[in-house]
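Chemist: structure33.cif is reproduced below (mmCIF, C-alpha atoms).
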data_data
loop_
_atom_site.label_atom_id
_atom_site.label_comp_id
_atom_site.auth_asym_id
_atom_site.auth_seq_id
_atom_site.Cartn_x
_atom_site.Cartn_y
_atom_site.Cartn_z
CA ARG W 275 0.00 0.00 0.00
CA LEU W 276 1.07 3.52 -0.65
CA ARG W 277 1.41 5.19 2.71
CA TYR W 278 2.37 8.51 4.12
CA ASN W 279 3.85 9.34 7.48
CA ALA W 280 2.78 12.61 8.98
CA ALA W 281 3.13 14.42 12.26
CA PHE W 282 0.90 17.21 13.44
CA LEU W 283 0.52 19.19 16.64
CA TYR W 284 -2.67 18.49 18.53
CA GLN W 285 -3.46 21.13 21.13
CA HIS W 286 -6.21 20.32 23.60
CA HIS W 287 -8.40 23.13 24.87
CA THR W 288 -6.86 22.60 28.32
CA GLY W 289 -3.55 23.77 26.90
CA ILE W 290 -1.91 20.34 26.58
CA SER W 291 -0.04 19.84 23.30
CA VAL W 292 0.79 16.45 21.79
CA ILE W 293 2.69 15.50 18.66
CA VAL W 294 0.52 12.98 16.83
CA MET W 295 2.27 10.55 14.50
CA THR W 296 0.16 8.95 11.81
CA GLN W 297 0.79 6.23 9.27
CA THR W 298 -2.03 5.54 6.86
CA ALA W 299 -2.73 4.88 3.23
CA THR W 300 -3.31 7.89 1.02
CA SER W 301 -6.95 6.94 0.47
CA TYR W 302 -9.56 4.47 1.70
CA ALA W 303 -12.77 2.97 0.48
CA ALA W 304 -14.21 3.56 3.94
CA ILE W 305 -13.27 5.22 7.22
CA TYR W 306 -15.06 4.19 10.41
CA LEU W 307 -15.04 6.61 13.34
CA ALA W 308 -14.95 4.86 16.70
CA PRO W 309 -15.25 6.83 19.93
CA HIS W 310 -13.66 3.95 21.84
CA LEU W 311 -11.27 1.15 21.03
CA ASP W 312 -13.94 -1.53 20.59
CA ASP W 313 -16.79 0.40 18.97
CA ALA W 314 -15.98 -0.31 15.31
CA ALA W 315 -15.58 -4.06 15.86
CA LEU W 316 -18.78 -4.27 17.91
CA SER W 317 -20.89 -2.23 15.53
CA CYS W 318 -19.35 -2.74 12.08
CA GLY W 319 -16.92 -5.65 12.32
CA GLY W 320 -18.80 -7.80 9.83
CA GLN W 321 -18.97 -5.23 7.05
CA ILE W 322 -15.35 -4.19 7.63
CA ALA W 323 -14.19 -7.79 7.24
CA GLN W 324 -16.37 -8.12 4.15
CA ARG W 325 -14.82 -5.02 2.59
CA THR W 326 -11.21 -5.95 3.29
CA ARG W 327 -11.70 -9.52 2.07
CA ALA W 328 -12.89 -7.97 -1.20
CA GLY W 329 -9.65 -6.03 -1.43
CA GLN W 330 -10.89 -2.66 -0.16
CA ARG W 331 -8.83 -0.47 2.14
CA VAL W 332 -10.53 0.38 5.41
CA LEU W 333 -9.34 2.67 8.21
CA ILE W 334 -10.66 2.55 11.78
CA VAL W 335 -10.06 5.81 13.62
CA THR W 336 -10.42 5.62 17.39
CA VAL W 337 -10.88 9.15 18.67
CA MET W 338 -10.72 8.59 22.44
CA ALA W 339 -7.61 6.41 22.52
CA GLY W 340 -5.26 8.71 24.41
CA ASP W 341 -3.49 8.19 27.70
CA PRO W 342 -5.17 9.70 30.78
CA PRO W 343 -3.71 12.70 32.56
CA THR W 344 -0.98 11.72 35.02
CA ASP W 345 -2.27 10.18 38.25
CA THR W 346 -5.94 10.43 37.31
CA GLU W 347 -7.68 8.15 39.77
CA ASN W 348 -11.07 7.87 41.45
CA ASP W 349 -13.48 5.21 42.65
CA TYR W 350 -15.23 5.00 39.28
CA ILE W 351 -12.00 4.49 37.35
CA ARG W 352 -10.82 1.91 39.89
CA SER W 353 -14.10 -0.01 39.59
CA LEU W 354 -13.86 -0.11 35.79
CA HIS W 355 -10.20 -1.12 35.79
CA ALA W 356 -11.01 -3.90 38.24
CA ARG W 357 -13.82 -5.17 35.99
CA TRP W 358 -11.51 -4.98 32.98
CA GLU W 359 -8.69 -6.65 34.96
CA LEU W 360 -6.38 -3.86 33.86
CA GLU W 361 -4.63 -2.25 36.78
CA ARG W 362 -1.68 -0.54 35.08
CA ASP W 363 -1.36 1.12 31.66
CA ALA W 364 -5.00 0.28 30.96
CA THR W 365 -5.22 2.47 27.86
CA ALA W 366 -2.01 1.10 26.37
CA GLN W 367 -3.31 -2.44 26.85
CA ARG W 368 -6.61 -1.51 25.25
CA ARG W 369 -4.78 -0.02 22.26
CA ALA W 370 -2.91 -3.31 21.90
CA GLU W 371 -6.24 -5.14 21.90
CA ASP W 372 -7.46 -2.83 19.14
CA ILE W 373 -4.39 -3.45 17.00
CA ALA W 374 -5.06 -7.18 17.27
CA ALA W 375 -8.75 -6.71 16.41
CA CYS W 376 -7.96 -4.54 13.39
CA ALA W 377 -5.54 -7.20 12.14
CA ILE W 378 -8.33 -9.79 12.35
CA LEU W 379 -10.62 -7.49 10.35
CA GLY W 380 -7.88 -6.59 7.86
CA ALA W 381 -8.23 -2.87 8.59
CA ASP W 382 -5.71 -0.13 9.29
CA HIS W 383 -5.94 1.61 12.65
CA LEU W 384 -5.39 5.18 13.82
CA HIS W 385 -5.37 6.11 17.51
CA TRP W 386 -5.90 9.73 18.51
CA PRO W 387 -4.69 11.27 21.80
CA ILE W 388 -7.97 12.34 23.41
CA ALA W 389 -8.61 10.40 26.62
CA ASP W 390 -11.76 8.39 27.33
CA CYS W 391 -14.37 10.46 29.15
CA ILE W 392 -13.76 8.64 32.44
CA TYR W 393 -10.27 10.18 32.56
CA ARG W 394 -11.01 13.72 31.40
CA LEU W 395 -10.83 16.64 33.79
CA ASP W 396 -12.66 19.95 33.96
CA PRO W 397 -10.08 22.51 32.77
CA GLU W 398 -11.43 25.06 35.26
CA THR W 399 -11.48 22.92 38.40
CA GLY W 400 -9.11 20.06 37.55
CA ARG W 401 -11.73 17.62 38.82
CA PRO W 402 -13.03 14.56 36.94
CA ILE W 403 -16.07 15.35 34.80
CA TYR W 404 -17.69 11.91 34.48
CA VAL W 405 -17.62 9.75 37.61
CA SER W 406 -20.60 7.40 37.20
CA ASP W 407 -22.62 5.48 34.64
CA ASP W 408 -25.27 8.19 34.89
CA ASP W 409 -22.64 10.76 33.94
CA ILE W 410 -21.25 8.96 30.90
CA PHE W 411 -24.73 8.19 29.55
CA GLY W 412 -26.01 11.67 30.32
CA ASP W 413 -25.46 14.97 28.57
CA VAL W 414 -22.10 16.30 27.46
CA HIS W 415 -20.68 18.54 30.18
CA PRO W 416 -20.54 22.23 29.20
CA ALA W 417 -16.78 22.24 29.81
CA GLU W 418 -16.43 19.73 26.97
CA LYS W 419 -18.08 21.81 24.24
CA PRO W 420 -14.69 22.94 22.82
CA LEU W 421 -13.89 19.29 22.14
CA VAL W 422 -16.32 19.22 19.24
CA ALA W 423 -14.32 21.74 17.21
CA GLU W 424 -11.05 20.05 18.20
CA ILE W 425 -12.24 16.64 17.02
CA ALA W 426 -13.63 18.17 13.82
CA GLY W 427 -10.21 19.67 13.17
CA LEU W 428 -8.59 16.25 13.56
CA LEU W 429 -11.19 14.69 11.27
CA ARG W 430 -10.29 17.15 8.52
CA THR W 431 -6.73 15.75 8.51
CA LEU W 432 -7.90 12.26 7.52
CA PRO W 433 -7.01 10.71 4.15
CA ALA W 434 -9.52 10.80 1.34
CA SER W 435 -12.25 8.18 1.54
CA GLY W 436 -15.24 6.92 -0.38
CA GLN W 437 -17.44 6.98 2.73
CA VAL W 438 -17.16 8.00 6.39
CA TYR W 439 -19.19 6.19 9.05
CA THR W 440 -20.03 7.63 12.47
CA PRO W 441 -22.12 6.44 15.42
CA LEU W 442 -25.88 6.97 15.40
CA THR W 443 -25.41 7.67 19.15
CA ILE W 444 -27.74 4.92 20.34
CA GLY W 445 -27.21 4.65 24.09
CA HIS W 446 -26.41 8.37 24.48
CA HIS W 447 -22.79 7.88 25.57
CA VAL W 448 -21.10 11.27 25.84
CA ASP W 449 -18.10 10.21 23.73
CA HIS W 450 -20.36 8.96 20.95
CA LEU W 451 -22.27 12.25 21.06
CA LEU W 452 -19.06 14.28 20.80
CA VAL W 453 -17.62 12.26 17.92
CA THR W 454 -20.79 12.38 15.86
CA GLU W 455 -21.35 16.10 16.42
CA ALA W 456 -17.76 16.69 15.31
CA ALA W 457 -18.23 14.43 12.27
CA GLN W 458 -21.31 16.39 11.26
CA LEU W 459 -19.29 19.59 11.55
CA ALA W 460 -16.43 18.16 9.46
CA PHE W 461 -18.35 16.17 6.83
CA GLY W 462 -21.88 17.58 6.77
CA ASP W 463 -24.43 15.48 4.90
CA ASP W 464 -21.91 12.98 3.52
CA LEU W 465 -22.03 10.71 6.56
CA LEU W 466 -23.54 7.27 7.08
CA TYR W 467 -24.55 6.39 10.64
CA TYR W 468 -23.98 2.96 12.15
CA GLU W 469 -26.01 1.44 14.95
CA ASP W 470 -24.06 1.53 18.19
CA TYR W 471 -23.91 -2.11 19.25
CA PRO W 472 -24.76 -3.58 21.72
CA TYR W 473 -26.90 -0.62 22.83
CA ALA W 474 -28.88 -0.99 19.59
CA GLN W 475 -30.31 -4.33 20.71
CA GLN W 476 -31.70 -2.91 23.95
CA PRO W 477 -35.45 -2.18 23.83
CA GLY W 478 -36.30 1.40 22.99
CA LYS W 479 -32.73 2.60 22.45
CA LEU W 480 -32.93 2.92 18.64
CA ALA W 481 -36.34 4.59 18.79
CA ALA W 482 -34.97 7.11 21.29
CA VAL W 483 -32.70 8.41 18.49
CA ILE W 484 -34.78 8.09 15.32
CA GLY W 485 -38.32 7.55 16.61
CA ASP W 486 -40.66 4.55 16.46
CA LEU W 487 -41.50 5.35 12.85
CA PRO W 488 -38.21 6.77 11.61
CA ALA W 489 -39.45 9.54 9.34
CA GLY W 490 -36.45 11.31 7.89
CA TRP W 491 -34.16 8.29 8.09
CA GLU W 492 -33.40 5.71 5.41
CA PRO W 493 -31.99 2.32 6.51
CA ALA W 494 -29.44 0.29 4.58
CA VAL W 495 -28.70 -3.27 5.66
CA ILE W 496 -25.34 -4.90 4.94
CA GLY W 497 -25.87 -8.65 4.70
CA LEU W 498 -23.26 -10.77 6.46
CA ASP W 499 -22.19 -14.30 5.66
CA ALA W 500 -20.69 -16.83 8.06
CA ASP W 501 -17.13 -15.63 7.40
CA ASP W 502 -18.10 -12.02 8.12
CA LEU W 503 -19.74 -12.97 11.41
CA THR W 504 -16.81 -15.17 12.41
CA ALA W 505 -14.36 -12.31 11.80
CA LYS W 506 -16.57 -9.92 13.76
CA ILE W 507 -16.82 -12.28 16.73
CA GLU W 508 -13.08 -12.96 16.77
CA ALA W 509 -12.35 -9.22 16.58
CA ILE W 510 -14.67 -8.52 19.52
CA LEU W 511 -12.99 -11.31 21.47
CA ALA W 512 -9.64 -9.59 20.92
CA PHE W 513 -10.89 -6.93 23.36
CA ARG W 514 -10.40 -9.30 26.26
CA SER W 515 -10.72 -6.56 28.86
CA GLN W 516 -14.14 -5.45 27.60
CA ILE W 517 -15.95 -8.78 27.23
CA SER W 518 -17.38 -8.79 30.76
CA THR W 519 -18.98 -5.38 30.20
CA PHE W 520 -21.52 -6.77 27.75
CA PHE W 521 -21.25 -10.59 27.71
CA THR W 522 -20.93 -13.42 30.21
CA ASP W 523 -18.65 -15.57 28.06
CA ARG W 524 -17.82 -16.48 24.46
CA THR W 525 -21.01 -18.45 23.97
CA ASP W 526 -23.12 -15.54 25.15
CA LEU W 527 -21.20 -13.18 22.85
CA GLU W 528 -21.73 -15.44 19.84
CA GLN W 529 -25.43 -15.82 20.60
CA GLN W 530 -26.01 -12.10 21.05
CA VAL W 531 -24.02 -11.02 17.98
CA THR W 532 -25.49 -13.63 15.64
CA GLY W 533 -28.96 -13.09 17.11
CA TYR W 534 -28.94 -9.37 16.44
CA ALA W 535 -27.48 -9.89 12.95
CA ALA W 536 -30.34 -12.32 12.19
CA ARG W 537 -32.87 -9.85 13.56
CA VAL W 538 -31.80 -6.92 11.36
CA GLY W 539 -30.42 -8.91 8.41
CA GLY W 540 -26.72 -8.22 9.08
CA GLU W 541 -25.48 -4.79 10.14
CA ARG W 542 -27.74 -1.79 9.67
CA LEU W 543 -26.75 1.71 8.66
CA TRP W 544 -28.86 4.87 8.51
CA ARG W 545 -28.79 7.97 6.34
CA PRO W 546 -30.90 11.09 6.92
CA GLU W 547 -33.37 11.56 4.08
#
Represent the structure from my file as structure tokens, please.

Modeler:
Amino acid sequence: RLRYNAAFLYQHHTGISVIVMTQTATSYAAIYLAPHLDDAALSCGGQIAQRTRAGQRVLIVTVMAGDPPTDTENDYIRSLHARWELERDATAQRRAEDIAACAILGADHLHWPIADCIYRLDPETGRPIYVSDDDIFGDVHPAEKPLVAEIAGLLRTLPASGQVYTPLTIGHHVDHLLVTEAAQLAFGDDLLYYEDYPYAQQPGKLAAVIGDLPAGWEPAVIGLDADDLTAKIEAILAFRSQISTFFTDRTDLEQQVTGYAARVGGERLWRPE
């Protein structure tokens, strides 16, 4: 593949500056925007595997893949790290999981330096912004509004692509909301929206975004064969630390993923009409 190496200065609205190194192809058939390191595999792993097996170049961009501020610690973070069985360098280990998952799917990966919401601090007070499940599935904190423009600026540095995919924001996670608002700012009407899995399979979650009768939205279903589903499942399993968040074991994962795929006909995308 033709590739380019580039470095650019990313300056967070808190004043922190980071040199971001990138290595990607010069163009892609598709770019998938993932707020977190497992979102693309969970939501779009089957179609990504299908594309790459057909010889298409695909890039997965994880926006919130950065290291936390030094010594960021609280009860909520400790409880999540304990569930994930990641006590030290949790983000670095999760990035390694993502690299393995992307290899299974045949996709390139790009990790950006913004930290997951659980690690981010209010620039005015220095205190954690999101310290509970209610917080992370609530509204974006006013102190985070500048992040939208920052993420949009990063998105504009991406290679050319045939199509960009962003979360539909099912589940109302603050990081999904931020990424999609930034994508709308950067790409306007050219986006396709993927269903945020596994939130999409929870009763009422899809309707909360597009309504019971989704006027103004046009669905597109990507059919998946057995090889696509196998690749998706194996990619999700690569995120060892995250399995217990949504599934009891491998069998439960396989049943849930294949069950939802059968219910919708594969993986479903949405485009505003």

Chemist: Could you check which of W:Val538, W:Leu360, W:Ile351, W:Val414 is closest to W:Pro402, using only C-alpha atoms?

Modeler: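 Residue with the minimum atom-to-atom distance to W:Pro402: W:Ile351.
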
Chemist: From the options W:Glu418, W:Asp345, W:Glu361, W:Glu424, which residue's atoms come nearest to W:Pro397, counting all atoms listed in the file?

Modeler: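 With all atoms listed in the file as the atom set, the closest residue is W:Glu418.
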
Chemist: Leaving out W:Thr504 and any residue of its chain fewer than 3 positions from it, which residues lie within 12 Å of it when counting all atoms listed in the file, given as a PyMOL selection string?

Modeler: chain W and resi 315+319-321+323-324+378-379+498-501+507-511+527-529+531-532+535

Chemist: Taking the file as shown, what set of residues would the PyMOL selection byres ((chain W and resi 446) around 12) give back, as a count of residues only?

Modeler: 30

Chemist: Can you work out which one of W:Val422, W:Ala512, W:Leu543, W:Ile484 has the shortest atom-to-atom distance to W:Ile496, counting all atoms listed in the file?

Modeler: W:Leu543

Chemist: One decimal, Å: what's the distance from atom CA of W:Gln476 over to atom CA of W:Thr519, could you say?

Modeler: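 Separating atom CA of W:Gln476 from atom CA of W:Thr519 is a distance of 14.4 Å.
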
Chemist: So that I can see what lies close to W:Gly340, please list as a list in words the residues with an atom at most 12 Å from it, counting only C-alpha atoms and leaving out residues fewer than 6 positions away in the same chain.

Modeler: Tyr284, His286, Val292, Ile293, Val294, Pro309, His310, Leu311, Asp363, Ala364, Thr365, Ala366, Gln367, Arg368, Arg369, Leu384, His385, Trp386, Pro387, Ile388, Ala389, Asp390, Cys391, Ile392, Tyr393 and Arg394 of chain W

Chemist: Applying the PyMOL selection byres ((chain W and resi 430-440) around 8) to the file I just gave you, which residues come out? Please list them as a list in words.

Modeler: Thr298, Ala299, Thr300, Ser301, Tyr302, Ala303, Ala304, Ile305, Tyr306, Leu307, Ala308, Ala426, Gly427, Leu428, Leu429, Pro441, Leu442, Val453, Thr454, Ala457, Ala460, Asp464, Leu465, Leu466, Tyr467 and Tyr468 of chain W

Chemist: Pick from W:Asp382, W:Asp349, W:Glu541, W:Glu359: nearest to W:Thr336, with all atoms listed in the file counted?

Modeler: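 With all atoms listed in the file as the atom set, the closest residue is W:Asp382.
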
Chemist: What is the distance between atom CA of W:Pro343 and atom CA of W:Gln458, in Å to one decimal?

Modeler: 27.9 Å

Chemist: Take atom CA of W:Ile373 and atom CA of W:Phe513 and report the distance between them in Å, one decimal.

Modeler: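 About the pair atom CA of W:Ile373 and atom CA of W:Phe513: they are 9.7 Å apart.
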
Chemist: From the list W:Gly539, W:Pro546, W:Gly497, W:Gly329, which residue is nearest W:Gly462 when using all atoms listed in the file?

Modeler: W:Pro546

Chemist: Would you mind telling me which residue in W:Ala370, W:Ala339, W:Thr399, W:Glu547 lies nearest to W:Pro488 when using all atoms listed in the file?

Modeler: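 The answer is W:Glu547, which sits nearest to W:Pro488.
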
Chemist: As an mmCIF file, in the frame of the given file, please: stretch 522-546 of chain W completed to N, CA, C and O atoms.

Modeler:
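Printed below is out.cif as written:
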data_model
loop_
_atom_site.group_PDB
_atom_site.id
_atom_site.type_symbol
_atom_site.label_atom_id
_atom_site.label_comp_id
_atom_site.auth_asym_id
_atom_site.auth_seq_id
_atom_site.Cartn_x
_atom_site.Cartn_y
_atom_site.Cartn_z
ATOM 1 N N THR W 522 -21.373 -12.549 29.117
ATOM 2 C CA THR W 522 -20.930 -13.420 30.210
ATOM 3 C C THR W 522 -19.759 -14.290 29.812
ATOM 4 O O THR W 522 -18.883 -14.587 30.628
ATOM 5 N N ASP W 523 -19.735 -14.722 28.548
ATOM 6 C CA ASP W 523 -18.650 -15.570 28.060
ATOM 7 C C ASP W 523 -18.713 -15.598 26.530
ATOM 8 O O ASP W 523 -19.549 -14.920 25.915
ATOM 9 N N ARG W 524 -17.860 -16.416 25.921
ATOM 10 C CA ARG W 524 -17.820 -16.480 24.460
ATOM 11 C C ARG W 524 -19.154 -16.943 23.876
ATOM 12 O O ARG W 524 -19.618 -16.397 22.868
ATOM 13 N N THR W 525 -19.746 -17.940 24.494
ATOM 14 C CA THR W 525 -21.010 -18.450 23.970
ATOM 15 C C THR W 525 -22.081 -17.378 23.975
ATOM 16 O O THR W 525 -22.833 -17.214 23.001
ATOM 17 N N ASP W 526 -22.148 -16.622 25.068
ATOM 18 C CA ASP W 526 -23.120 -15.540 25.150
ATOM 19 C C ASP W 526 -22.846 -14.481 24.088
ATOM 20 O O ASP W 526 -23.772 -13.975 23.443
ATOM 21 N N LEU W 527 -21.572 -14.154 23.889
ATOM 22 C CA LEU W 527 -21.200 -13.180 22.850
ATOM 23 C C LEU W 527 -21.665 -13.663 21.479
ATOM 24 O O LEU W 527 -22.283 -12.905 20.716
ATOM 25 N N GLU W 528 -21.350 -14.906 21.153
ATOM 26 C CA GLU W 528 -21.730 -15.440 19.840
ATOM 27 C C GLU W 528 -23.238 -15.421 19.656
ATOM 28 O O GLU W 528 -23.745 -15.048 18.586
ATOM 29 N N GLN W 529 -23.974 -15.788 20.710
ATOM 30 C CA GLN W 529 -25.430 -15.820 20.600
ATOM 31 C C GLN W 529 -26.015 -14.429 20.421
ATOM 32 O O GLN W 529 -26.911 -14.213 19.600
ATOM 33 N N GLN W 530 -25.486 -13.463 21.170
ATOM 34 C CA GLN W 530 -26.010 -12.100 21.050
ATOM 35 C C GLN W 530 -25.675 -11.489 19.688
ATOM 36 O O GLN W 530 -26.538 -10.878 19.050
ATOM 37 N N VAL W 531 -24.441 -11.641 19.245
ATOM 38 C CA VAL W 531 -24.020 -11.020 17.980
ATOM 39 C C VAL W 531 -24.757 -11.651 16.802
ATOM 40 O O VAL W 531 -25.286 -10.944 15.930
ATOM 41 N N THR W 532 -24.806 -12.978 16.759
ATOM 42 C CA THR W 532 -25.490 -13.630 15.640
ATOM 43 C C THR W 532 -26.998 -13.415 15.727
ATOM 44 O O THR W 532 -27.676 -13.286 14.702
ATOM 45 N N GLY W 533 -27.530 -13.333 16.946
ATOM 46 C CA GLY W 533 -28.960 -13.090 17.110
ATOM 47 C C GLY W 533 -29.367 -11.727 16.597
ATOM 48 O O GLY W 533 -30.383 -11.595 15.908
ATOM 49 N N TYR W 534 -28.584 -10.704 16.919
ATOM 50 C CA TYR W 534 -28.940 -9.370 16.440
ATOM 51 C C TYR W 534 -28.755 -9.271 14.927
ATOM 52 O O TYR W 534 -29.566 -8.640 14.235
ATOM 53 N N ALA W 535 -27.691 -9.897 14.405
ATOM 54 C CA ALA W 535 -27.480 -9.890 12.950
ATOM 55 C C ALA W 535 -28.665 -10.554 12.237
ATOM 56 O O ALA W 535 -29.117 -10.074 11.186
ATOM 57 N N ALA W 536 -29.174 -11.658 12.796
ATOM 58 C CA ALA W 536 -30.340 -12.320 12.190
ATOM 59 C C ALA W 536 -31.571 -11.429 12.267
ATOM 60 O O ALA W 536 -32.393 -11.397 11.338
ATOM 61 N N ARG W 537 -31.697 -10.692 13.356
ATOM 62 C CA ARG W 537 -32.870 -9.850 13.560
ATOM 63 C C ARG W 537 -32.938 -8.694 12.557
ATOM 64 O O ARG W 537 -34.011 -8.377 12.032
ATOM 65 N N VAL W 538 -31.781 -8.086 12.258
ATOM 66 C CA VAL W 538 -31.800 -6.920 11.360
ATOM 67 C C VAL W 538 -31.355 -7.251 9.941
ATOM 68 O O VAL W 538 -31.430 -6.408 9.054
ATOM 69 N N GLY W 539 -30.858 -8.489 9.737
ATOM 70 C CA GLY W 539 -30.420 -8.910 8.410
ATOM 71 C C GLY W 539 -28.944 -8.718 8.162
ATOM 72 O O GLY W 539 -28.481 -8.844 7.027
ATOM 73 N N GLY W 540 -28.172 -8.426 9.207
ATOM 74 C CA GLY W 540 -26.720 -8.220 9.080
ATOM 75 C C GLY W 540 -26.296 -7.093 9.998
ATOM 76 O O GLY W 540 -26.437 -7.178 11.228
ATOM 77 N N GLU W 541 -25.779 -6.016 9.412
ATOM 78 C CA GLU W 541 -25.480 -4.790 10.140
ATOM 79 C C GLU W 541 -26.229 -3.647 9.454
ATOM 80 O O GLU W 541 -26.181 -3.535 8.224
ATOM 81 N N ARG W 542 -26.861 -2.800 10.258
ATOM 82 C CA ARG W 542 -27.740 -1.790 9.670
ATOM 83 C C ARG W 542 -27.119 -0.398 9.803
ATOM 84 O O ARG W 542 -26.609 -0.025 10.870
ATOM 85 N N LEU W 543 -27.204 0.334 8.715
ATOM 86 C CA LEU W 543 -26.750 1.710 8.660
ATOM 87 C C LEU W 543 -27.959 2.611 8.423
ATOM 88 O O LEU W 543 -29.010 2.158 7.948
ATOM 89 N N TRP W 544 -27.770 3.900 8.697
ATOM 90 C CA TRP W 544 -28.860 4.870 8.510
ATOM 91 C C TRP W 544 -28.313 6.125 7.844
ATOM 92 O O TRP W 544 -27.210 6.558 8.119
ATOM 93 N N ARG W 545 -29.131 6.690 6.970
ATOM 94 C CA ARG W 545 -28.790 7.970 6.340
ATOM 95 C C ARG W 545 -30.005 8.897 6.466
ATOM 96 O O ARG W 545 -31.135 8.504 6.171
ATOM 97 N N PRO W 546 -29.775 10.144 6.892
ATOM 98 C CA PRO W 546 -30.900 11.090 6.920
ATOM 99 C C PRO W 546 -31.437 11.314 5.504
ATOM 100 O O PRO W 546 -30.668 11.452 4.554
#
